Every structure is written in structure tokens, then in C-alpha cells.
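Enquirer: Encoded as C-alpha cells, here's the structure I'll be asking about.
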Amino acid sequence: QVQLVESGGGSVQPGGSLTLSCASSGKTDMINYMGWYRQAPGKRRELVARIYGSGGTHYDDSVLGRFAVSRDKVKNMMWLTMNNLTLEDTGVYYCNAMLFDRYDYWGQGTQVTVSL
């Protein structure tokens, strides 16, 4: 099993920046890839960014060029640096880890609110 704990959410104005952190523990050496998802009010949870064991990354088109995902396997940390935030970025952001290409693990989520 893996335990995931997010932090770093908050409120920011449009155009602002935030960095989310995800601390992992447990069988972290078995993680295939990790990612950040978000869920806006009344909407489904959606993938924002993913980082693979090789270091390769994938981003949703809506955040491409504004968000950056990074990971330190030694420290068991993953970050999501978010720049030029828009109102549409508001939501609960979840840290996700995939183990053995089969098992999904989730953090409890951290709220990001972008408002005027």
C-alpha cells in the first residue's frame, strides 16, 4: 500500500501561482507513475498532469505551459507548480499513485480556489 498526503492548496487571484506537494509513504518503490487530478464543483475528477517512473510527463491541454509536475523519488515527494492560474483551475486537487500497473491510490485532496 501507499499513503499520499497533499498540501499547499489555498486561495489565489487569477494570474497567481501555487505549488502543491504530495508526500508519499509505504511501498513507494512499487509506484509505476504518479499524477495530479482535480475535481471542480459539479464535475468529474480529471487528470491534470502525470509523471512516469522514467521522468516523462503528460499534461492536460488546459494546463500545458502553465503547470509543471515534478517528483523526487528519494524524498518521496511530488509537486505541482501552477502558474498563471485561471478561474477554471478552481477545484480539489488529488495526488494519485499507480502501483503494479494495477492499483490506484489517492490522497485526501487539497482545495485550490482562484477568485477575483
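In the C-alpha cells, chains take the letters A, B, ... in the order shown, each chain's residues start at 1, and ligands count up from 1 in the order shown.
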From a DSSP pass on the backbone, collect the residues of chain A flagged as strand (DSSP E or B) and hand them back as a tab-separated table (two decimals) with all heavy atoms, in the first residue's frame.
Expert:
```tsv
chain	number	residue	atom	x	y	z
A	2	VAL	N	0.23	2.34	-0.41
A	2	VAL	CA	0.88	3.64	-0.41
A	2	VAL	C	-0.04	4.66	0.25
A	2	VAL	O	-1.25	4.62	0.02
A	2	VAL	CB	1.21	4.09	-1.85
A	2	VAL	CG1	1.57	5.56	-1.90
A	2	VAL	CG2	2.34	3.24	-2.42
A	3	GLN	N	0.53	5.51	1.04
A	3	GLN	CA	-0.23	6.61	1.64
A	3	GLN	C	0.22	7.92	0.99
A	3	GLN	O	1.42	8.13	0.79
A	3	GLN	CB	-0.01	6.69	3.15
A	3	GLN	CG	-0.55	5.48	3.92
A	3	GLN	CD	0.34	4.25	3.78
A	3	GLN	OE1	1.56	4.35	3.84
A	3	GLN	NE2	-0.27	3.08	3.58
A	4	LEU	N	-0.75	8.75	0.67
A	4	LEU	CA	-0.47	10.01	-0.02
A	4	LEU	C	-1.10	11.16	0.76
A	4	LEU	O	-2.27	11.08	1.15
A	4	LEU	CB	-1.05	9.97	-1.43
A	4	LEU	CG	-0.60	8.82	-2.33
A	4	LEU	CD1	-1.41	8.79	-3.61
A	4	LEU	CD2	0.88	8.94	-2.64
A	5	VAL	N	-0.34	12.22	0.96
A	5	VAL	CA	-0.84	13.38	1.68
A	5	VAL	C	-0.50	14.64	0.89
A	5	VAL	O	0.68	14.94	0.67
A	5	VAL	CB	-0.23	13.48	3.10
A	5	VAL	CG1	-0.77	14.72	3.80
A	5	VAL	CG2	-0.55	12.22	3.89
A	6	GLU	N	-1.53	15.36	0.48
A	6	GLU	CA	-1.33	16.60	-0.27
A	6	GLU	C	-1.27	17.79	0.68
A	6	GLU	O	-1.84	17.77	1.77
A	6	GLU	CB	-2.48	16.84	-1.26
A	6	GLU	CG	-2.72	15.74	-2.26
A	6	GLU	CD	-3.84	14.83	-1.83
A	6	GLU	OE1	-4.08	14.72	-0.60
A	6	GLU	OE2	-4.49	14.21	-2.70
A	7	SER	N	-0.63	18.83	0.21
A	7	SER	CA	-0.61	20.10	0.92
A	7	SER	C	-0.32	21.21	-0.08
A	7	SER	O	0.07	20.94	-1.22
A	7	SER	CB	0.45	20.10	2.02
A	7	SER	OG	1.74	19.89	1.49
A	10	GLY	N	-4.82	26.55	-1.53
A	10	GLY	CA	-5.17	27.84	-0.97
A	10	GLY	C	-5.96	28.67	-1.94
A	10	GLY	O	-6.46	28.16	-2.95
A	11	SER	N	-6.08	29.95	-1.63
A	11	SER	CA	-6.82	30.88	-2.47
A	11	SER	C	-5.86	31.83	-3.14
A	11	SER	O	-4.90	32.31	-2.50
A	11	SER	CB	-7.82	31.66	-1.61
A	11	SER	OG	-8.79	30.80	-1.06
A	12	VAL	N	-6.13	32.12	-4.38
A	12	VAL	CA	-5.25	32.99	-5.15
A	12	VAL	C	-6.07	33.73	-6.19
A	12	VAL	O	-7.14	33.25	-6.61
A	12	VAL	CB	-4.11	32.16	-5.79
A	12	VAL	CG1	-4.67	31.20	-6.83
A	12	VAL	CG2	-3.04	33.04	-6.39
A	18	LEU	N	0.63	28.81	-7.40
A	18	LEU	CA	0.64	27.95	-6.22
A	18	LEU	C	1.47	26.72	-6.54
A	18	LEU	O	1.53	26.30	-7.70
A	18	LEU	CB	-0.78	27.49	-5.85
A	18	LEU	CG	-1.70	28.44	-5.10
A	18	LEU	CD1	-3.09	27.82	-4.98
A	18	LEU	CD2	-1.15	28.79	-3.72
A	19	THR	N	2.03	26.14	-5.50
A	19	THR	CA	2.71	24.87	-5.65
A	19	THR	C	2.11	23.87	-4.68
A	19	THR	O	2.08	24.13	-3.46
A	19	THR	CB	4.22	25.00	-5.40
A	19	THR	OG1	4.79	25.84	-6.39
A	19	THR	CG2	4.89	23.63	-5.47
A	20	LEU	N	1.63	22.77	-5.21
A	20	LEU	CA	1.07	21.70	-4.39
A	20	LEU	C	2.15	20.66	-4.14
A	20	LEU	O	3.00	20.40	-5.01
A	20	LEU	CB	-0.11	21.05	-5.09
A	20	LEU	CG	-1.23	21.98	-5.54
A	20	LEU	CD1	-2.35	21.17	-6.18
A	20	LEU	CD2	-1.75	22.80	-4.39
A	21	SER	N	2.08	20.04	-2.98
A	21	SER	CA	3.02	18.98	-2.63
A	21	SER	C	2.26	17.71	-2.31
A	21	SER	O	1.14	17.76	-1.80
A	21	SER	CB	3.84	19.40	-1.41
A	21	SER	OG	4.57	20.56	-1.65
A	22	CYS	N	2.89	16.59	-2.59
A	22	CYS	CA	2.32	15.29	-2.25
A	22	CYS	C	3.42	14.45	-1.63
A	22	CYS	O	4.43	14.16	-2.28
A	22	CYS	CB	1.77	14.60	-3.49
A	22	CYS	SG	1.19	12.90	-3.18
A	23	ALA	N	3.23	14.10	-0.37
A	23	ALA	CA	4.17	13.25	0.33
A	23	ALA	C	3.66	11.82	0.30
A	23	ALA	O	2.49	11.57	0.62
A	23	ALA	CB	4.33	13.72	1.77
A	24	SER	N	4.51	10.90	-0.09
A	24	SER	CA	4.11	9.51	-0.18
A	24	SER	C	4.90	8.67	0.81
A	24	SER	O	6.03	8.99	1.16
A	24	SER	CB	4.29	8.98	-1.60
A	24	SER	OG	5.63	9.16	-2.04
A	25	SER	N	4.29	7.58	1.24
A	25	SER	CA	4.94	6.65	2.14
A	25	SER	C	4.39	5.26	1.87
A	25	SER	O	3.37	5.10	1.20
A	25	SER	CB	4.70	7.04	3.60
A	25	SER	OG	3.32	7.07	3.90
A	26	GLY	N	5.05	4.26	2.40
A	26	GLY	CA	4.64	2.88	2.16
A	26	GLY	C	5.50	2.27	1.05
A	26	GLY	O	6.70	2.51	0.97
A	31	ILE	N	5.74	2.15	-7.10
A	31	ILE	CA	4.92	3.09	-7.86
A	31	ILE	C	5.36	3.12	-9.31
A	31	ILE	O	6.53	3.32	-9.62
A	31	ILE	CB	5.00	4.50	-7.26
A	31	ILE	CG1	4.35	4.52	-5.88
A	31	ILE	CG2	4.33	5.51	-8.18
A	31	ILE	CD1	4.49	5.86	-5.17
A	32	ASN	N	4.42	2.93	-10.22
A	32	ASN	CA	4.71	2.98	-11.66
A	32	ASN	C	4.70	4.43	-12.15
A	32	ASN	O	5.56	4.84	-12.92
A	32	ASN	CB	3.68	2.17	-12.43
A	32	ASN	CG	3.64	0.74	-11.98
A	32	ASN	OD1	2.67	0.30	-11.40
A	32	ASN	ND2	4.72	0.01	-12.23
A	33	TYR	N	3.68	5.13	-11.75
A	33	TYR	CA	3.61	6.55	-12.09
A	33	TYR	C	2.71	7.26	-11.10
A	33	TYR	O	1.94	6.62	-10.38
A	33	TYR	CB	3.12	6.77	-13.52
A	33	TYR	CG	1.82	6.10	-13.89
A	33	TYR	CD1	0.59	6.68	-13.59
A	33	TYR	CD2	1.83	4.89	-14.59
A	33	TYR	CE1	-0.59	6.07	-13.95
A	33	TYR	CE2	0.65	4.28	-14.96
A	33	TYR	CZ	-0.55	4.87	-14.63
A	33	TYR	OH	-1.73	4.25	-14.99
A	34	MET	N	2.84	8.56	-11.05
A	34	MET	CA	2.04	9.39	-10.17
A	34	MET	C	1.42	10.53	-10.96
A	34	MET	O	1.88	10.86	-12.05
A	34	MET	CB	2.90	9.96	-9.04
A	34	MET	CG	3.51	8.91	-8.14
A	34	MET	SD	4.38	9.61	-6.73
A	34	MET	CE	2.99	10.21	-5.74
A	35	GLY	N	0.39	11.10	-10.37
A	35	GLY	CA	-0.25	12.20	-11.08
A	35	GLY	C	-1.06	13.08	-10.17
A	35	GLY	O	-1.22	12.81	-8.98
A	36	TRP	N	-1.53	14.15	-10.77
A	36	TRP	CA	-2.42	15.10	-10.09
A	36	TRP	C	-3.74	15.12	-10.86
A	36	TRP	O	-3.75	15.25	-12.10
A	36	TRP	CB	-1.83	16.50	-10.07
A	36	TRP	CG	-0.67	16.65	-9.16
A	36	TRP	CD1	0.66	16.56	-9.48
A	36	TRP	CD2	-0.71	16.91	-7.75
A	36	TRP	NE1	1.42	16.75	-8.38
A	36	TRP	CE2	0.60	16.97	-7.29
A	36	TRP	CE3	-1.75	17.10	-6.83
A	36	TRP	CZ2	0.93	17.21	-5.96
A	36	TRP	CZ3	-1.44	17.35	-5.51
A	36	TRP	CH2	-0.11	17.40	-5.08
A	37	TYR	N	-4.81	15.01	-10.12
A	37	TYR	CA	-6.15	15.13	-10.67
A	37	TYR	C	-6.84	16.30	-9.98
A	37	TYR	O	-6.45	16.70	-8.88
A	37	TYR	CB	-6.96	13.86	-10.41
A	37	TYR	CG	-6.59	12.68	-11.24
A	37	TYR	CD1	-5.38	12.01	-11.06
A	37	TYR	CD2	-7.45	12.20	-12.24
A	37	TYR	CE1	-5.04	10.92	-11.84
A	37	TYR	CE2	-7.13	11.10	-13.01
A	37	TYR	CZ	-5.92	10.47	-12.80
A	37	TYR	OH	-5.61	9.38	-13.57
A	38	ARG	N	-7.85	16.81	-10.61
A	38	ARG	CA	-8.66	17.84	-9.94
A	38	ARG	C	-10.13	17.58	-10.22
A	38	ARG	O	-10.50	17.00	-11.24
A	38	ARG	CB	-8.29	19.25	-10.40
A	38	ARG	CG	-8.69	19.59	-11.82
A	38	ARG	CD	-8.23	20.98	-12.19
A	38	ARG	NE	-8.46	21.26	-13.61
A	38	ARG	CZ	-7.83	22.21	-14.28
A	38	ARG	NH1	-6.94	22.99	-13.66
A	38	ARG	NH2	-8.10	22.41	-15.55
A	39	GLN	N	-10.92	18.04	-9.26
A	39	GLN	CA	-12.36	17.92	-9.40
A	39	GLN	C	-13.00	19.26	-9.09
A	39	GLN	O	-12.94	19.74	-7.95
A	39	GLN	CB	-12.91	16.84	-8.47
A	39	GLN	CG	-14.37	16.53	-8.68
A	39	GLN	CD	-14.80	15.24	-8.01
A	39	GLN	OE1	-14.13	14.74	-7.11
A	39	GLN	NE2	-15.92	14.69	-8.45
A	46	GLU	N	-10.70	14.85	-13.08
A	46	GLU	CA	-9.97	14.78	-14.35
A	46	GLU	C	-8.47	14.84	-14.10
A	46	GLU	O	-8.00	15.48	-13.17
A	46	GLU	CB	-10.39	15.93	-15.26
A	46	GLU	CG	-10.11	17.32	-14.70
A	46	GLU	CD	-10.51	18.45	-15.63
A	46	GLU	OE1	-11.11	18.17	-16.68
A	46	GLU	OE2	-10.21	19.61	-15.31
A	47	LEU	N	-7.75	14.19	-15.00
A	47	LEU	CA	-6.30	14.18	-14.92
A	47	LEU	C	-5.76	15.56	-15.32
A	47	LEU	O	-6.12	16.09	-16.37
A	47	LEU	CB	-5.73	13.10	-15.83
A	47	LEU	CG	-4.21	13.04	-15.93
A	47	LEU	CD1	-3.59	12.65	-14.60
A	47	LEU	CD2	-3.80	12.07	-17.03
A	48	VAL	N	-4.86	16.07	-14.52
A	48	VAL	CA	-4.20	17.35	-14.81
A	48	VAL	C	-2.79	17.10	-15.32
A	48	VAL	O	-2.40	17.65	-16.35
A	48	VAL	CB	-4.16	18.23	-13.54
A	48	VAL	CG1	-3.34	19.49	-13.81
A	48	VAL	CG2	-5.56	18.58	-13.08
A	49	ALA	N	-2.04	16.28	-14.62
A	49	ALA	CA	-0.65	16.02	-15.00
A	49	ALA	C	-0.23	14.67	-14.45
A	49	ALA	O	-0.72	14.23	-13.41
A	49	ALA	CB	0.27	17.11	-14.46
A	50	ARG	N	0.68	14.04	-15.15
A	50	ARG	CA	1.19	12.74	-14.75
A	50	ARG	C	2.69	12.70	-14.95
A	50	ARG	O	3.21	13.31	-15.89
A	50	ARG	CB	0.52	11.63	-15.55
A	50	ARG	CG	1.00	10.21	-15.24
A	50	ARG	CD	0.17	9.20	-15.98
A	50	ARG	NE	-1.16	9.07	-15.40
A	50	ARG	CZ	-2.20	8.53	-16.03
A	50	ARG	NH1	-2.05	8.08	-17.26
A	50	ARG	NH2	-3.37	8.43	-15.44
A	51	ILE	N	3.37	11.99	-14.06
A	51	ILE	CA	4.81	11.82	-14.21
A	51	ILE	C	5.13	10.33	-14.07
A	51	ILE	O	4.70	9.67	-13.12
A	51	ILE	CB	5.60	12.69	-13.20
A	51	ILE	CG1	7.10	12.57	-13.46
A	51	ILE	CG2	5.25	12.35	-11.76
A	51	ILE	CD1	7.91	13.69	-12.79
A	52	TYR	N	5.87	9.81	-15.02
A	52	TYR	CA	6.19	8.40	-15.08
A	52	TYR	C	7.51	8.12	-14.37
A	52	TYR	O	8.28	9.03	-14.10
A	52	TYR	CB	6.23	7.94	-16.53
A	52	TYR	CG	4.89	8.07	-17.22
A	52	TYR	CD1	4.56	9.22	-17.93
A	52	TYR	CD2	3.95	7.05	-17.13
A	52	TYR	CE1	3.33	9.35	-18.55
A	52	TYR	CE2	2.71	7.16	-17.76
A	52	TYR	CZ	2.42	8.31	-18.46
A	52	TYR	OH	1.19	8.43	-19.06
A	57	THR	N	6.55	13.08	-18.71
A	57	THR	CA	5.36	13.75	-18.17
A	57	THR	C	4.26	13.85	-19.22
A	57	THR	O	4.51	13.77	-20.43
A	57	THR	CB	5.70	15.17	-17.68
A	57	THR	OG1	6.28	15.91	-18.75
A	57	THR	CG2	6.65	15.13	-16.51
A	58	HIS	N	3.07	14.02	-18.73
A	58	HIS	CA	1.91	14.24	-19.59
A	58	HIS	C	1.04	15.29	-18.92
A	58	HIS	O	0.85	15.27	-17.70
A	58	HIS	CB	1.12	12.94	-19.76
A	58	HIS	CG	-0.23	13.15	-20.37
A	58	HIS	ND1	-0.41	13.33	-21.73
A	58	HIS	CD2	-1.46	13.26	-19.82
A	58	HIS	CE1	-1.69	13.51	-21.98
A	58	HIS	NE2	-2.35	13.47	-20.84
A	59	TYR	N	0.51	16.20	-19.73
A	59	TYR	CA	-0.35	17.26	-19.21
A	59	TYR	C	-1.65	17.33	-19.98
A	59	TYR	O	-1.68	17.12	-21.20
A	59	TYR	CB	0.35	18.62	-19.31
A	59	TYR	CG	1.60	18.73	-18.48
A	59	TYR	CD1	2.85	18.47	-19.04
A	59	TYR	CD2	1.53	19.10	-17.14
A	59	TYR	CE1	4.00	18.56	-18.27
A	59	TYR	CE2	2.68	19.19	-16.38
A	59	TYR	CZ	3.90	18.92	-16.94
A	59	TYR	OH	5.04	19.02	-16.18
A	67	PHE	N	1.42	24.62	-15.96
A	67	PHE	CA	1.68	23.74	-14.82
A	67	PHE	C	2.90	22.88	-15.11
A	67	PHE	O	3.18	22.53	-16.26
A	67	PHE	CB	0.49	22.81	-14.58
A	67	PHE	CG	-0.75	23.47	-14.05
A	67	PHE	CD1	-0.90	24.85	-14.03
A	67	PHE	CD2	-1.79	22.69	-13.55
A	67	PHE	CE1	-2.05	25.45	-13.54
A	67	PHE	CE2	-2.95	23.26	-13.05
A	67	PHE	CZ	-3.07	24.65	-13.05
A	68	ALA	N	3.58	22.50	-14.04
A	68	ALA	CA	4.72	21.60	-14.16
A	68	ALA	C	4.69	20.61	-13.01
A	68	ALA	O	4.58	21.01	-11.84
A	68	ALA	CB	6.03	22.39	-14.15
A	69	VAL	N	4.80	19.34	-13.35
A	69	VAL	CA	4.83	18.28	-12.34
A	69	VAL	C	6.28	17.81	-12.19
A	69	VAL	O	7.02	17.71	-13.18
A	69	VAL	CB	3.90	17.11	-12.72
A	69	VAL	CG1	4.27	16.49	-14.05
A	69	VAL	CG2	3.87	16.07	-11.61
A	70	SER	N	6.66	17.53	-10.95
A	70	SER	CA	8.00	17.04	-10.68
A	70	SER	C	7.95	16.06	-9.52
A	70	SER	O	6.98	16.05	-8.75
A	70	SER	CB	8.96	18.20	-10.39
A	70	SER	OG	8.50	18.96	-9.29
A	71	ARG	N	9.01	15.28	-9.41
A	71	ARG	CA	8.99	14.25	-8.38
A	71	ARG	C	10.41	13.98	-7.92
A	71	ARG	O	11.36	14.01	-8.72
A	71	ARG	CB	8.39	12.96	-8.95
A	71	ARG	CG	8.29	11.79	-7.97
A	71	ARG	CD	7.77	10.56	-8.68
A	71	ARG	NE	7.79	9.40	-7.81
A	71	ARG	CZ	7.63	8.15	-8.22
A	71	ARG	NH1	7.41	7.90	-9.50
A	71	ARG	NH2	7.68	7.15	-7.37
A	72	ASP	N	10.57	13.73	-6.64
A	72	ASP	CA	11.85	13.33	-6.06
A	72	ASP	C	11.62	11.96	-5.41
A	72	ASP	O	10.99	11.87	-4.35
A	72	ASP	CB	12.32	14.36	-5.02
A	72	ASP	CG	13.70	14.06	-4.49
A	72	ASP	OD1	14.03	12.87	-4.31
A	72	ASP	OD2	14.44	15.01	-4.22
A	77	MET	N	8.50	12.62	-2.69
A	77	MET	CA	7.70	13.82	-2.85
A	77	MET	C	7.37	14.05	-4.32
A	77	MET	O	8.15	13.70	-5.21
A	77	MET	CB	8.44	15.05	-2.33
A	77	MET	CG	8.67	15.07	-0.85
A	77	MET	SD	7.14	15.28	0.10
A	77	MET	CE	6.58	16.88	-0.49
A	78	MET	N	6.21	14.63	-4.54
A	78	MET	CA	5.82	15.06	-5.87
A	78	MET	C	5.23	16.46	-5.72
A	78	MET	O	4.59	16.77	-4.71
A	78	MET	CB	4.79	14.12	-6.50
A	78	MET	CG	4.33	14.55	-7.88
A	78	MET	SD	3.14	13.43	-8.65
A	78	MET	CE	1.74	13.57	-7.57
A	79	TRP	N	5.45	17.30	-6.73
A	79	TRP	CA	4.95	18.67	-6.68
A	79	TRP	C	4.19	19.00	-7.97
A	79	TRP	O	4.46	18.41	-9.03
A	79	TRP	CB	6.11	19.66	-6.55
A	79	TRP	CG	6.90	19.48	-5.31
A	79	TRP	CD1	6.66	20.05	-4.09
A	79	TRP	CD2	8.08	18.70	-5.14
A	79	TRP	NE1	7.62	19.66	-3.18
A	79	TRP	CE2	8.51	18.83	-3.80
A	79	TRP	CE3	8.83	17.90	-6.00
A	79	TRP	CZ2	9.64	18.18	-3.30
A	79	TRP	CZ3	9.94	17.25	-5.52
A	79	TRP	CH2	10.34	17.39	-4.17
A	80	LEU	N	3.31	19.93	-7.83
A	80	LEU	CA	2.65	20.50	-9.00
A	80	LEU	C	2.79	22.02	-8.88
A	80	LEU	O	2.15	22.63	-8.01
A	80	LEU	CB	1.18	20.10	-9.07
A	80	LEU	CG	0.44	20.61	-10.30
A	80	LEU	CD1	0.97	19.92	-11.56
A	80	LEU	CD2	-1.07	20.40	-10.18
A	81	THR	N	3.60	22.59	-9.73
A	81	THR	CA	3.78	24.04	-9.76
A	81	THR	C	2.79	24.61	-10.76
A	81	THR	O	2.79	24.22	-11.92
A	81	THR	CB	5.21	24.41	-10.16
A	81	THR	OG1	6.12	23.82	-9.22
A	81	THR	CG2	5.39	25.91	-10.17
A	82	MET	N	1.94	25.50	-10.26
A	82	MET	CA	0.87	26.05	-11.08
A	82	MET	C	1.06	27.55	-11.24
A	82	MET	O	1.09	28.27	-10.24
A	82	MET	CB	-0.49	25.76	-10.43
A	82	MET	CG	-0.71	24.28	-10.14
A	82	MET	SD	-2.33	23.93	-9.46
A	82	MET	CE	-2.21	24.74	-7.86
A	91	GLY	N	-10.72	23.96	-7.86
A	91	GLY	CA	-11.19	22.62	-7.60
A	91	GLY	C	-10.39	21.97	-6.48
A	91	GLY	O	-9.47	22.58	-5.93
A	92	VAL	N	-10.75	20.75	-6.19
A	92	VAL	CA	-9.98	19.96	-5.24
A	92	VAL	C	-8.95	19.16	-6.02
A	92	VAL	O	-9.30	18.46	-6.99
A	92	VAL	CB	-10.88	19.01	-4.42
A	92	VAL	CG1	-10.04	18.18	-3.46
A	92	VAL	CG2	-11.94	19.80	-3.67
A	93	TYR	N	-7.71	19.28	-5.64
A	93	TYR	CA	-6.62	18.60	-6.34
A	93	TYR	C	-6.19	17.38	-5.54
A	93	TYR	O	-5.95	17.45	-4.32
A	93	TYR	CB	-5.44	19.55	-6.52
A	93	TYR	CG	-5.67	20.54	-7.64
A	93	TYR	CD1	-6.62	21.56	-7.51
A	93	TYR	CD2	-4.95	20.47	-8.82
A	93	TYR	CE1	-6.85	22.45	-8.53
A	93	TYR	CE2	-5.17	21.37	-9.85
A	93	TYR	CZ	-6.12	22.35	-9.70
A	93	TYR	OH	-6.35	23.24	-10.73
A	94	TYR	N	-6.12	16.26	-6.24
A	94	TYR	CA	-5.79	14.98	-5.62
A	94	TYR	C	-4.48	14.43	-6.16
A	94	TYR	O	-4.24	14.45	-7.37
A	94	TYR	CB	-6.89	13.96	-5.90
A	94	TYR	CG	-8.23	14.30	-5.30
A	94	TYR	CD1	-9.17	15.02	-6.02
A	94	TYR	CD2	-8.56	13.87	-4.01
A	94	TYR	CE1	-10.40	15.34	-5.47
A	94	TYR	CE2	-9.79	14.18	-3.46
A	94	TYR	CZ	-10.71	14.90	-4.20
A	94	TYR	OH	-11.93	15.21	-3.66
A	95	CYS	N	-3.71	13.91	-5.28
A	95	CYS	CA	-2.50	13.18	-5.64
A	95	CYS	C	-2.87	11.72	-5.89
A	95	CYS	O	-3.69	11.15	-5.17
A	95	CYS	CB	-1.50	13.29	-4.49
A	95	CYS	SG	0.01	12.35	-4.69
A	96	ASN	N	-2.28	11.16	-6.92
A	96	ASN	CA	-2.60	9.78	-7.31
A	96	ASN	C	-1.32	8.99	-7.56
A	96	ASN	O	-0.34	9.53	-8.08
A	96	ASN	CB	-3.45	9.81	-8.57
A	96	ASN	CG	-3.60	8.45	-9.22
A	96	ASN	OD1	-2.87	8.11	-10.14
A	96	ASN	ND2	-4.54	7.67	-8.73
A	97	ALA	N	-1.35	7.73	-7.19
A	97	ALA	CA	-0.23	6.83	-7.47
A	97	ALA	C	-0.75	5.50	-7.98
A	97	ALA	O	-1.76	4.99	-7.49
A	97	ALA	CB	0.61	6.62	-6.22
A	98	MET	N	-0.08	4.98	-8.98
A	98	MET	CA	-0.43	3.68	-9.53
A	98	MET	C	0.65	2.67	-9.15
A	98	MET	O	1.84	2.90	-9.42
A	98	MET	CB	-0.55	3.77	-11.04
A	98	MET	CG	-0.79	2.44	-11.73
A	98	MET	SD	-2.40	1.73	-11.30
A	98	MET	CE	-3.49	2.77	-12.26
A	99	LEU	N	0.23	1.56	-8.53
A	99	LEU	CA	1.17	0.51	-8.14
A	99	LEU	C	0.94	-0.75	-8.96
A	99	LEU	O	-0.22	-1.10	-9.23
A	99	LEU	CB	0.98	0.17	-6.65
A	99	LEU	CG	1.86	0.92	-5.67
A	99	LEU	CD1	1.49	2.39	-5.64
A	99	LEU	CD2	1.76	0.30	-4.29
A	103	TYR	N	-3.07	-0.94	-9.18
A	103	TYR	CA	-3.76	-0.43	-8.01
A	103	TYR	C	-3.60	1.08	-7.91
A	103	TYR	O	-2.50	1.61	-7.91
A	103	TYR	CB	-3.21	-1.08	-6.73
A	103	TYR	CG	-3.37	-2.59	-6.73
A	103	TYR	CD1	-2.27	-3.43	-6.87
A	103	TYR	CD2	-4.63	-3.16	-6.60
A	103	TYR	CE1	-2.41	-4.80	-6.88
A	103	TYR	CE2	-4.78	-4.54	-6.61
A	103	TYR	CZ	-3.67	-5.36	-6.75
A	103	TYR	OH	-3.82	-6.72	-6.76
A	104	ASP	N	-4.74	1.75	-7.81
A	104	ASP	CA	-4.81	3.20	-7.68
A	104	ASP	C	-4.86	3.60	-6.22
A	104	ASP	O	-5.65	3.05	-5.46
A	104	ASP	CB	-6.07	3.75	-8.35
A	104	ASP	CG	-5.81	4.34	-9.71
A	104	ASP	OD1	-4.70	4.87	-9.91
A	104	ASP	OD2	-6.72	4.29	-10.55
A	105	TYR	N	-4.06	4.60	-5.85
A	105	TYR	CA	-4.11	5.16	-4.51
A	105	TYR	C	-4.31	6.67	-4.62
A	105	TYR	O	-3.81	7.31	-5.56
A	105	TYR	CB	-2.83	4.85	-3.72
A	105	TYR	CG	-2.72	3.41	-3.35
A	105	TYR	CD1	-2.12	2.51	-4.22
A	105	TYR	CD2	-3.24	2.93	-2.15
A	105	TYR	CE1	-2.03	1.16	-3.90
A	105	TYR	CE2	-3.15	1.59	-1.81
A	105	TYR	CZ	-2.55	0.71	-2.69
A	105	TYR	OH	-2.48	-0.62	-2.36
A	106	TRP	N	-5.05	7.20	-3.64
A	106	TRP	CA	-5.41	8.62	-3.68
A	106	TRP	C	-5.13	9.29	-2.34
A	106	TRP	O	-5.24	8.66	-1.28
A	106	TRP	CB	-6.90	8.77	-3.98
A	106	TRP	CG	-7.30	8.24	-5.30
A	106	TRP	CD1	-7.72	6.97	-5.59
A	106	TRP	CD2	-7.30	8.95	-6.55
A	106	TRP	NE1	-7.98	6.85	-6.94
A	106	TRP	CE2	-7.73	8.05	-7.54
A	106	TRP	CE3	-6.97	10.26	-6.92
A	106	TRP	CZ2	-7.86	8.42	-8.88
A	106	TRP	CZ3	-7.10	10.63	-8.25
A	106	TRP	CH2	-7.53	9.72	-9.21
A	110	THR	N	-6.63	18.55	-1.76
A	110	THR	CA	-6.37	19.89	-1.24
A	110	THR	C	-7.10	20.90	-2.13
A	110	THR	O	-7.07	20.78	-3.36
A	110	THR	CB	-4.86	20.17	-1.16
A	110	THR	OG1	-4.64	21.44	-0.55
A	110	THR	CG2	-4.20	20.16	-2.54
A	111	GLN	N	-7.73	21.87	-1.51
A	111	GLN	CA	-8.57	22.82	-2.24
A	111	GLN	C	-7.73	23.94	-2.84
A	111	GLN	O	-6.88	24.53	-2.17
A	111	GLN	CB	-9.62	23.42	-1.31
A	111	GLN	CG	-10.50	24.48	-1.94
A	111	GLN	CD	-11.48	23.90	-2.95
A	111	GLN	OE1	-12.12	22.89	-2.69
A	111	GLN	NE2	-11.60	24.56	-4.11
A	112	VAL	N	-7.98	24.21	-4.10
A	112	VAL	CA	-7.40	25.36	-4.79
A	112	VAL	C	-8.56	26.23	-5.26
A	112	VAL	O	-9.44	25.76	-5.97
A	112	VAL	CB	-6.53	24.93	-5.98
A	112	VAL	CG1	-6.11	26.16	-6.80
A	112	VAL	CG2	-5.31	24.16	-5.51
A	113	THR	N	-8.55	27.47	-4.83
A	113	THR	CA	-9.60	28.40	-5.21
A	113	THR	C	-8.97	29.61	-5.90
A	113	THR	O	-8.13	30.28	-5.33
A	113	THR	CB	-10.41	28.87	-4.00
A	113	THR	OG1	-10.97	27.73	-3.35
A	113	THR	CG2	-11.52	29.81	-4.43
A	114	VAL	N	-9.39	29.83	-7.13
A	114	VAL	CA	-8.94	31.00	-7.88
A	114	VAL	C	-10.14	31.93	-8.02
A	114	VAL	O	-11.16	31.56	-8.61
A	114	VAL	CB	-8.40	30.61	-9.26
A	114	VAL	CG1	-7.83	31.85	-9.96
A	114	VAL	CG2	-7.33	29.54	-9.13
```
Enquirer: Please indicate the distance in Å from atom CA of Gly8 of chain A to atom CA of Glu88 of chain A, rounded to one decimal place.
Expert: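 Atom CA of Gly8 of chain A sits 18.1 Å away from atom CA of Glu88 of chain A.
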Enquirer: Residues of segment 1-93 of chain A classed as helix (DSSP H, G or I) by DSSP on the backbone are to be reported as a short mmCIF file (atom, residue, chain, number, x, y, z; two decimals) with N, CA and C atoms, in the first residue's frame.
Expert:
```cif
data_model
loop_
_atom_site.label_atom_id
_atom_site.label_comp_id
_atom_site.auth_asym_id
_atom_site.auth_seq_id
_atom_site.Cartn_x
_atom_site.Cartn_y
_atom_site.Cartn_z
N THR A 28 6.55 2.80 -1.83
CA THR A 28 6.76 3.81 -2.88
C THR A 28 7.66 3.30 -4.00
N ASP A 29 8.49 2.32 -3.71
CA ASP A 29 9.35 1.78 -4.76
C ASP A 29 8.56 0.97 -5.78
N MET A 30 7.31 0.70 -5.49
CA MET A 30 6.45 -0.06 -6.40
C MET A 30 5.57 0.86 -7.25
N LEU A 87 -9.69 31.10 -13.33
CA LEU A 87 -10.86 30.71 -12.55
C LEU A 87 -11.19 29.23 -12.76
N GLU A 88 -10.92 28.75 -13.98
CA GLU A 88 -11.25 27.36 -14.32
C GLU A 88 -10.34 26.35 -13.63
N ASP A 89 -9.29 26.81 -13.00
CA ASP A 89 -8.40 25.90 -12.27
C ASP A 89 -8.91 25.60 -10.87
#
```
Enquirer: What's the separation between atom CA of Gly15 of chain A and atom CA of Thr86 of chain A, in Å to one decimal place?
Expert: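 Computing the Euclidean distance for atom CA of Gly15 of chain A and atom CA of Thr86 of chain A yields 6.4 Å.
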